[in-house]
Structures are given as C-alpha cells and as structure tokens.
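J.: As input, take protein.json (JSON, C-alpha atoms):
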[["chain", "number", "residue", "atom", "x", "y", "z"],
["W", 509, "MET", "CA", 104.53, 132.54, 79.49],
["W", 510, "PHE", "CA", 106.29, 129.35, 80.40],
["W", 511, "VAL", "CA", 107.90, 126.99, 77.75],
["W", 512, "LEU", "CA", 108.07, 123.37, 78.80],
["W", 513, "PRO", "CA", 111.23, 121.48, 77.74],
["W", 514, "ALA", "CA", 110.71, 118.70, 75.21],
["W", 515, "ALA", "CA", 110.75, 115.24, 76.61],
["W", 516, "ALA", "CA", 113.89, 113.23, 75.78],
["W", 517, "GLN", "CA", 113.24, 110.38, 73.34],
["W", 518, "ALA", "CA", 114.29, 106.89, 74.43],
["W", 519, "PRO", "CA", 116.96, 105.19, 72.24],
["W", 520, "LEU", "CA", 115.69, 102.59, 69.77],
["W", 521, "PRO", "CA", 116.69, 99.00, 70.53],
["W", 522, "ASP", "CA", 119.42, 97.44, 68.31],
["W", 523, "ALA", "CA", 118.20, 95.20, 65.46],
["W", 524, "PRO", "CA", 119.00, 91.52, 65.97],
["W", 525, "PRO", "CA", 121.79, 90.13, 63.68],
["W", 526, "PRO", "CA", 120.65, 88.08, 60.69],
["W", 527, "THR", "CA", 120.59, 84.37, 61.16],
["W", 528, "VAL", "CA", 123.06, 82.46, 58.84],
["W", 529, "THR", "CA", 122.55, 78.76, 58.30],
["W", 530, "LEU", "CA", 125.86, 76.88, 57.81],
["W", 531, "PRO", "CA", 125.96, 74.12, 55.18],
["W", 532, "THR", "CA", 126.03, 70.61, 56.51],
["W", 533, "ASP", "CA", 126.62, 68.69, 53.26],
["W", 534, "LYS", "CA", 130.08, 68.18, 51.66],
["W", 535, "PRO", "CA", 130.61, 69.64, 48.20],
["W", 536, "PRO", "CA", 130.42, 67.16, 45.34],
["W", 537, "ALA", "CA", 133.70, 65.59, 44.18],
["W", 538, "LEU", "CA", 135.46, 67.34, 41.29],
["W", 539, "GLU", "CA", 135.12, 65.61, 37.97],
["W", 540, "PRO", "CA", 138.49, 64.15, 36.91],
["W", 541, "ASN", "CA", 140.38, 66.06, 34.23],
["W", 542, "ARG", "CA", 139.92, 64.22, 30.97],
["W", 543, "GLN", "CA", 142.81, 66.13, 29.25],
["W", 544, "VAL", "CA", 145.67, 64.56, 31.20],
["W", 545, "LEU", "CA", 148.34, 63.21, 28.84],
["W", 546, "VAL", "CA", 149.91, 60.02, 30.03],
["W", 547, "VAL", "CA", 153.44, 59.46, 28.67],
["W", 548, "GLU", "CA", 155.10, 56.13, 29.10],
["W", 549, "ALA", "CA", 158.62, 56.39, 30.42],
["W", 550, "PRO", "CA", 161.29, 55.21, 27.94],
["W", 551, "ARG", "CA", 162.86, 51.88, 28.69],
["W", 552, "ASP", "CA", 165.74, 51.88, 26.20],
["W", 553, "LYS", "CA", 169.06, 53.63, 26.79],
["W", 554, "PRO", "CA", 169.97, 56.45, 24.37],
["W", 555, "PRO", "CA", 172.45, 55.49, 21.66],
["W", 556, "PRO", "CA", 176.09, 56.33, 22.40],
["W", 557, "LEU", "CA", 177.40, 59.63, 21.05],
["W", 558, "GLU", "CA", 179.21, 59.27, 17.76],
["W", 559, "ARG", "CA", 182.92, 59.94, 18.04],
["W", 560, "GLY", "CA", 184.43, 62.42, 15.62],
["W", 561, "PRO", "CA", 188.01, 62.60, 14.29],
["W", 562, "ALA", "CA", 189.06, 64.83, 17.19],
["W", 563, "ASP", "CA", 187.95, 62.17, 19.69],
["W", 564, "ILE", "CA", 189.79, 59.18, 18.24],
["W", 565, "ALA", "CA", 193.07, 58.66, 20.07],
["W", 566, "GLY", "CA", 196.27, 58.21, 18.12],
["W", 567, "PRO", "CA", 199.05, 58.39, 17.30],
["W", 568, "ALA", "CA", 198.06, 56.29, 14.30],
["W", 569, "CYS", "CA", 195.81, 58.16, 11.86],
["W", 570, "ASP", "CA", 192.48, 56.46, 11.28],
["W", 571, "ALA", "CA", 191.93, 55.74, 7.60],
["W", 572, "GLN", "CA", 188.19, 56.37, 7.77],
["W", 573, "HIS", "CA", 188.04, 59.44, 10.01],
["W", 574, "HIS", "CA", 191.40, 61.23, 9.91],
["W", 575, "GLN", "CA", 192.78, 60.56, 6.46],
["W", 576, "PRO", "CA", 189.96, 62.13, 4.38],
["W", 577, "LEU", "CA", 190.26, 65.41, 6.31],
["W", 578, "ILE", "CA", 194.02, 65.44, 5.87],
["W", 579, "GLU", "CA", 193.80, 64.78, 2.14],
["W", 580, "GLU", "CA", 191.19, 67.52, 1.70],
["W", 581, "ALA", "CA", 193.39, 70.01, 3.57],
["W", 582, "LEU", "CA", 196.49, 69.01, 1.59],
["W", 583, "ALA", "CA", 194.70, 69.52, -1.74],
["W", 584, "THR", "CA", 193.60, 73.03, -0.81],
["W", 585, "ALA", "CA", 196.99, 73.96, 0.67],
["W", 586, "ARG", "CA", 198.75, 72.92, -2.54],
["W", 587, "THR", "CA", 196.50, 75.11, -4.67],
["W", 588, "ARG", "CA", 196.47, 78.17, -2.45],
["W", 589, "ILE", "CA", 200.22, 78.29, -1.87],
["W", 590, "GLN", "CA", 200.80, 78.41, -5.63],
["W", 591, "ASP", "CA", 198.64, 81.55, -5.75],
["W", 592, "ALA", "CA", 200.83, 83.05, -3.03],
["W", 593, "ILE", "CA", 204.04, 82.24, -4.92],
["W", 594, "ARG", "CA", 202.69, 83.94, -8.04],
["W", 595, "LEU", "CA", 201.80, 87.09, -6.11],
["W", 596, "VAL", "CA", 205.26, 87.42, -4.57],
["W", 597, "ARG", "CA", 206.93, 86.69, -7.91],
["W", 598, "ASP", "CA", 204.77, 88.94, -10.09],
["W", 599, "GLU", "CA", 203.90, 91.74, -7.65],
["W", 600, "PRO", "CA", 206.59, 91.82, -4.97],
["W", 601, "ASP", "CA", 205.45, 95.23, -3.72],
["W", 602, "HIS", "CA", 201.79, 94.30, -3.49],
["W", 603, "PRO", "CA", 200.19, 95.72, -0.29],
["W", 604, "HIS", "CA", 199.33, 92.20, 0.84],
["W", 605, "VAL", "CA", 202.99, 91.17, 0.69],
["W", 606, "ARG", "CA", 204.02, 94.29, 2.58],
["W", 607, "ARG", "CA", 201.30, 93.76, 5.16],
["W", 608, "TRP", "CA", 202.61, 90.38, 6.27],
["W", 609, "PHE", "CA", 206.35, 90.74, 5.61],
["W", 610, "GLY", "CA", 207.13, 94.45, 5.66],
["W", 611, "ASP", "CA", 210.42, 95.17, 3.87],
["W", 612, "ALA", "CA", 211.76, 91.62, 4.18],
["W", 613, "PRO", "CA", 213.71, 90.37, 1.12],
["W", 614, "ARG", "CA", 211.21, 89.12, -1.43],
["W", 615, "LYS", "CA", 213.60, 86.40, -2.58],
["W", 616, "THR", "CA", 213.63, 84.92, 0.94],
["W", 617, "ILE", "CA", 209.83, 84.93, 1.06],
["W", 618, "ARG", "CA", 209.50, 83.36, -2.38],
["W", 619, "ILE", "CA", 212.05, 80.61, -1.71],
["W", 620, "THR", "CA", 210.40, 79.75, 1.61],
["W", 621, "LEU", "CA", 207.03, 79.46, -0.10],
["W", 622, "GLU", "CA", 208.48, 77.35, -2.93],
["W", 623, "LEU", "CA", 210.18, 74.93, -0.51],
["W", 624, "THR", "CA", 206.97, 74.63, 1.50],
["W", 625, "ALA", "CA", 204.95, 74.00, -1.64],
["W", 626, "ALA", "CA", 207.35, 71.25, -2.70],
["W", 627, "ARG", "CA", 207.03, 69.55, 0.67],
["W", 628, "LEU", "CA", 203.23, 69.73, 0.57],
["W", 629, "GLN", "CA", 203.28, 68.24, -2.92],
["W", 630, "ASP", "CA", 205.40, 65.29, -1.83],
["W", 631, "MET", "CA", 205.01, 64.17, 1.76],
["W", 632, "THR", "CA", 207.25, 61.13, 1.26],
["W", 633, "GLY", "CA", 209.37, 60.59, 4.33],
["W", 634, "VAL", "CA", 207.08, 62.60, 6.61],
["W", 635, "GLU", "CA", 205.43, 60.66, 9.40],
["W", 636, "ILE", "CA", 201.99, 62.08, 10.20],
["W", 637, "ARG", "CA", 200.65, 61.40, 13.67],
["W", 638, "CYS", "CA", 197.07, 62.08, 14.73],
["W", 639, "ASN", "CA", 195.94, 63.02, 18.24],
["W", 640, "ASP", "CA", 199.15, 61.87, 19.88],
["W", 641, "PRO", "CA", 198.64, 62.85, 23.56],
["W", 642, "PRO", "CA", 202.32, 63.57, 24.42],
["W", 643, "GLY", "CA", 202.64, 65.97, 21.49],
["W", 644, "CYS", "CA", 199.24, 67.66, 21.85],
["W", 645, "PRO", "CA", 199.08, 69.47, 25.18],
["W", 646, "GLY", "CA", 196.47, 72.15, 25.74],
["W", 647, "GLY", "CA", 194.97, 73.69, 22.63],
["W", 648, "ARG", "CA", 197.85, 73.04, 20.24],
["W", 649, "PHE", "CA", 196.71, 72.69, 16.62],
["W", 650, "ALA", "CA", 199.71, 70.74, 15.37],
["W", 651, "TYR", "CA", 203.46, 70.38, 15.67],
["W", 652, "ALA", "CA", 206.46, 69.52, 13.53],
["W", 653, "ASN", "CA", 209.87, 68.06, 14.26],
["W", 654, "GLU", "CA", 212.43, 68.80, 11.57],
["W", 655, "ARG", "CA", 214.96, 66.23, 12.81],
["W", 656, "SER", "CA", 212.63, 63.26, 12.91],
["W", 657, "MET", "CA", 210.41, 64.57, 10.06],
["W", 658, "VAL", "CA", 207.25, 64.12, 12.13],
["W", 659, "MET", "CA", 204.13, 66.22, 11.62],
["W", 660, "GLY", "CA", 201.60, 65.84, 14.42],
["W", 661, "LEU", "CA", 197.98, 66.85, 14.01],
["W", 662, "CYS", "CA", 196.07, 67.47, 17.24],
["W", 663, "PRO", "CA", 192.34, 67.48, 18.10],
["W", 664, "PRO", "CA", 191.91, 71.24, 17.40],
["W", 665, "PHE", "CA", 193.20, 70.61, 13.87],
["W", 666, "PHE", "CA", 190.39, 68.14, 13.22],
["W", 667, "ARG", "CA", 187.84, 70.60, 14.67],
["W", 668, "ALA", "CA", 189.10, 73.48, 12.52],
["W", 669, "ARG", "CA", 187.17, 74.74, 9.51],
["W", 670, "MET", "CA", 188.30, 74.94, 5.92],
["W", 671, "GLU", "CA", 187.89, 78.71, 5.64],
["W", 672, "GLY", "CA", 189.19, 81.75, 7.49],
["W", 673, "THR", "CA", 192.38, 81.89, 9.53],
["W", 674, "ASP", "CA", 193.67, 78.84, 11.38],
["W", 675, "SER", "CA", 192.00, 76.64, 8.80],
["W", 676, "ARG", "CA", 192.98, 73.01, 8.41],
["W", 677, "TRP", "CA", 194.84, 73.66, 5.20],
["W", 678, "GLY", "CA", 196.51, 76.79, 6.61],
["W", 679, "ILE", "CA", 197.78, 74.79, 9.57],
["W", 680, "LEU", "CA", 199.41, 72.34, 7.15],
["W", 681, "ILE", "CA", 201.21, 75.24, 5.43],
["W", 682, "HIS", "CA", 202.48, 76.39, 8.81],
["W", 683, "GLU", "CA", 203.83, 72.95, 9.78],
["W", 684, "ALA", "CA", 205.18, 72.14, 6.33],
["W", 685, "SER", "CA", 207.18, 75.39, 6.37],
["W", 686, "HIS", "CA", 208.91, 74.13, 9.53],
["W", 687, "LEU", "CA", 209.87, 70.87, 7.84],
["W", 688, "ALA", "CA", 210.84, 72.30, 4.47],
["W", 689, "ALA", "CA", 212.28, 75.74, 5.19],
["W", 690, "ASN", "CA", 213.20, 75.69, 8.89],
["W", 691, "THR", "CA", 210.79, 78.49, 9.76],
["W", 692, "ARG", "CA", 210.48, 79.48, 13.42],
["W", 693, "ASP", "CA", 207.74, 80.50, 15.82],
["W", 694, "HIS", "CA", 208.76, 84.02, 16.74],
["W", 695, "ALA", "CA", 205.13, 85.13, 17.15],
["W", 696, "TYR", "CA", 201.69, 83.58, 17.07],
["W", 697, "ARG", "CA", 198.22, 84.59, 15.91],
["W", 698, "PRO", "CA", 197.47, 87.29, 13.28],
["W", 699, "THR", "CA", 198.13, 90.18, 15.67],
["W", 700, "GLY", "CA", 201.56, 88.88, 16.57],
["W", 701, "ALA", "CA", 202.46, 88.19, 12.93],
["W", 702, "LEU", "CA", 201.36, 91.67, 11.80],
["W", 703, "THR", "CA", 203.35, 93.31, 14.59],
["W", 704, "LEU", "CA", 206.39, 91.30, 13.59],
["W", 705, "ALA", "CA", 206.07, 92.49, 9.97],
["W", 706, "LYS", "CA", 206.14, 96.13, 11.14],
["W", 707, "GLU", "CA", 208.81, 95.90, 13.81],
["W", 708, "SER", "CA", 211.10, 93.11, 12.55],
["W", 709, "PRO", "CA", 210.54, 92.19, 8.87],
["W", 710, "ALA", "CA", 213.55, 89.85, 8.83],
["W", 711, "ARG", "CA", 212.01, 87.77, 11.62],
["W", 712, "ALA", "CA", 208.61, 87.93, 9.91],
["W", 713, "ALA", "CA", 210.24, 86.23, 6.91],
["W", 714, "GLU", "CA", 211.28, 83.41, 9.26],
["W", 715, "ASN", "CA", 207.96, 83.11, 11.10],
["W", 716, "ALA", "CA", 205.64, 80.21, 10.22],
["W", 717, "ASP", "CA", 202.45, 82.06, 11.19],
["W", 718, "ASN", "CA", 203.28, 84.91, 8.79],
["W", 719, "TYR", "CA", 203.30, 82.45, 5.90],
["W", 720, "GLU", "CA", 200.13, 80.73, 7.05],
["W", 721, "TYR", "CA", 198.14, 83.96, 7.41],
["W", 722, "PHE", "CA", 199.67, 85.46, 4.26],
["W", 723, "VAL", "CA", 198.26, 82.56, 2.24],
["W", 724, "GLU", "CA", 194.98, 82.24, 4.15],
["W", 725, "THR", "CA", 194.10, 85.92, 3.66],
["W", 726, "LEU", "CA", 195.34, 86.15, 0.08],
["W", 727, "PRO", "CA", 193.05, 88.35, -2.06],
["W", 728, "ARG", "CA", 191.00, 86.22, -4.44]]
Could you spell out this file's structure in structure tokens?
T.:
Amino acid sequence: MFVLPAAAQAPLPDAPPPTVTLPTDKPPALEPNRQVLVVEAPRDKPPPLERGPADIAGPACDAQHHQPLIEEALATARTRIQDAIRLVRDEPDHPHVRRWFGDAPRKTIRITLELTAARLQDMTGVEIRCNDPPGCPGGRFAYANERSMVMGLCPPFFRARMEGTDSRWGILIHEASHLAANTRDHAYRPTGALTLAKESPARAAENADNYEYFVETLPR
C-alpha cells in the first residue's frame, strides 16, 4: 500500500495596506481667550521712602524725630534706676545684685547708681549729639566724653527698642554712668559683664555694661 505525500499549499498573498486620506484643509483658528486681564502700566513714580530718626544725619538732634525718642528713654531710665538703687540699698545680698557684681563693695555700686541717676535727672551741661558720623563708626550705639561732657547717640540707638537688653533707656544709663561716675568699658555685652562679675567683681563695679544690664534685667 502506497501513501502519497500531501501537496504543499501555496502561501496566501499579503493583504494590501489600508488607504489613508490626508486632510487638505487647515484647522479653524482658535477662538481668542476672553479671560485675559489687561493691566495698564503705572505712570507715576513711587513716593520716596520716609526717613526715620536713624537716617537723619547730625550732629544736631532733630526736634521732631530725635528729641521725642530721647525724652521717652530718659523718662524710663530715671524711673528704672531708682528701682535699682532701692534693691542695692535694701537687699544688698539679693541674687540679682550678686549676679551682676559678684562680691564687689555694695557701697561702690550704690554710689555709682546714685551719681548716674542724678545725671539722668539733670542733663544741664551735657551736649547731646545725634548721628554724628565721626563719633558713630560701625554699629556703635552711643558714646560719651567725660572731658567735654558730650553724649553721642548713634543710628543703632534710634533703632533700638524700649524693652529687653540694649534698650534705648538702658543705653542712656550706660553713657550717663560714664559722665557721672567715670565708669569704664572693661567688657561688653551680657556675657562679658557676667564673666566680669565672677572673675573680677571690682572691675565689674567699674564697668558701664554691668550697670546697664543690672537695671535692664531687674526683677519686677
């Protein structure tokens, strides 16, 4: 019995690709956005910036801008330094006194405060200069000259606040202590003053910043 081989099938022809008709017309124009906000450019110049007390050159103090701030600071300094005198007089071993002056003689501290208070109460004979460029380099708050009895107040003084350390009224206590009691600047800033009270109480009792911060941080 013979088996005939199957006849090979011919391959099917490939299907023709589909015909795609390309568009010939341009798309319609987009409708303009009706939500566009048109803002007219300003034509006027902005007003000049208002100058504050720290920006007004001296050395003369301006009656309208400088003087009110000075008077406000003087009034507060006069009140607060009296509180400090009472504390040293009535409670000489109070922790606050010890913190800023260590074991320094309490009589020296009290007399320095009393002389400073008297000077703040009566500024007769003291020339106050405001924003005097030669005397106000860098970030100096203020300065005092005992020989010429000049107290200079610099731009940072007029930017200072009326609370906390380095307040306007505290700065006046610092400078007035130079004029009235010949205090010195052995150390600056609260950290320096506190270190001085621990390591050299006698110098702390001469240091203007110790008196300023002692009064500014007085318990109330």
J.: For Ile679 of chain W, which of W:Leu704, W:Phe649, W:Phe666, W:Leu577 is the closest residue, counting all atoms listed in the file?
T.: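 Once distances to Ile679 of chain W are computed over all atoms listed in the file, the minimum belongs to W:Phe649.
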J.: Could you tell me how far atom CA of Lys615 of chain W lies from atom CA of Arg711 of chain W, in Å and to one decimal?
T.: 14.4 Å
J.: Name the residues in contact with segment 658-660 of chain W at a cut-off of 9 Å, using all atoms listed in the file, excluding same-chain residues fewer than 4 positions from it; report them as a JSON list (two decimals) with C-alpha atoms, in the coordinates of the input.
T.:
[["chain", "number", "residue", "atom", "x", "y", "z"],
["W", 567, "PRO", "CA", 199.05, 58.39, 17.30],
["W", 633, "GLY", "CA", 209.37, 60.59, 4.33],
["W", 634, "VAL", "CA", 207.08, 62.60, 6.61],
["W", 635, "GLU", "CA", 205.43, 60.66, 9.40],
["W", 636, "ILE", "CA", 201.99, 62.08, 10.20],
["W", 637, "ARG", "CA", 200.65, 61.40, 13.67],
["W", 638, "CYS", "CA", 197.07, 62.08, 14.73],
["W", 639, "ASN", "CA", 195.94, 63.02, 18.24],
["W", 640, "ASP", "CA", 199.15, 61.87, 19.88],
["W", 643, "GLY", "CA", 202.64, 65.97, 21.49],
["W", 644, "CYS", "CA", 199.24, 67.66, 21.85],
["W", 649, "PHE", "CA", 196.71, 72.69, 16.62],
["W", 650, "ALA", "CA", 199.71, 70.74, 15.37],
["W", 651, "TYR", "CA", 203.46, 70.38, 15.67],
["W", 652, "ALA", "CA", 206.46, 69.52, 13.53],
["W", 653, "ASN", "CA", 209.87, 68.06, 14.26],
["W", 654, "GLU", "CA", 212.43, 68.80, 11.57],
["W", 680, "LEU", "CA", 199.41, 72.34, 7.15],
["W", 683, "GLU", "CA", 203.83, 72.95, 9.78],
["W", 684, "ALA", "CA", 205.18, 72.14, 6.33],
["W", 687, "LEU", "CA", 209.87, 70.87, 7.84]]
J.: So how far away is atom CA of Ile589 of chain W from atom CA of Thr673 of chain W, in Å?
T.: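 So the answer is 14.3 Å.
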J.: Any idea what's packed within 10 Å of Ala562 of chain W, counting only C-alpha atoms, ignoring anything in its chain fewer than 2 positions away? Could you give it as a list in words?
T.: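 My list of contacting residues is Arg559, Gly560, Ile564, Ala565, Gly566, His573, His574, Cys638, Asn639, Leu661, Cys662, Pro663, Pro664, Phe665, Phe666, Arg667 and Ala668 of chain W.
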J.: One decimal, in Å: what's the spacing between atom CA of Leu595 of chain W and atom CA of Leu621 of chain W?
T.: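 Result for atom CA of Leu595 of chain W versus atom CA of Leu621 of chain W: 11.0 Å, one decimal.
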J.: Considering only C-alpha atoms, can you say which of W:Arg728, W:Arg586, W:Arg551, W:Arg692 comes closest to Met631 of chain W?
T.: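 With only C-alpha atoms as the atom set, the closest residue is W:Arg586.
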J.: Which residue out of W:Glu724, W:Asp552, W:Asp570, W:Asp601 has the minimum interatomic distance to Thr587 of chain W when only C-alpha atoms are used?
T.: W:Glu724
J.: Which residue out of W:Ala713, W:Leu628, W:Ala705, W:Val723 has the minimum interatomic distance to Glu579 of chain W when only C-alpha atoms are used?
T.: W:Leu628
J.: Asn715 of chain W: which residues within 12 Å, counting only C-alpha atoms, same-chain residues fewer than 3 positions away excluded, as a PyMOL selection string?
T.: chain W and resi 608-609+612+616-617+620-621+681-683+685-686+689-698+700-705+708-712+718-722
J.: Tell me which of W:Arg607, W:Arg594, W:Arg648, W:Arg627 sits closest to Leu582 of chain W, counting all atoms listed in the file.
T.: W:Arg627
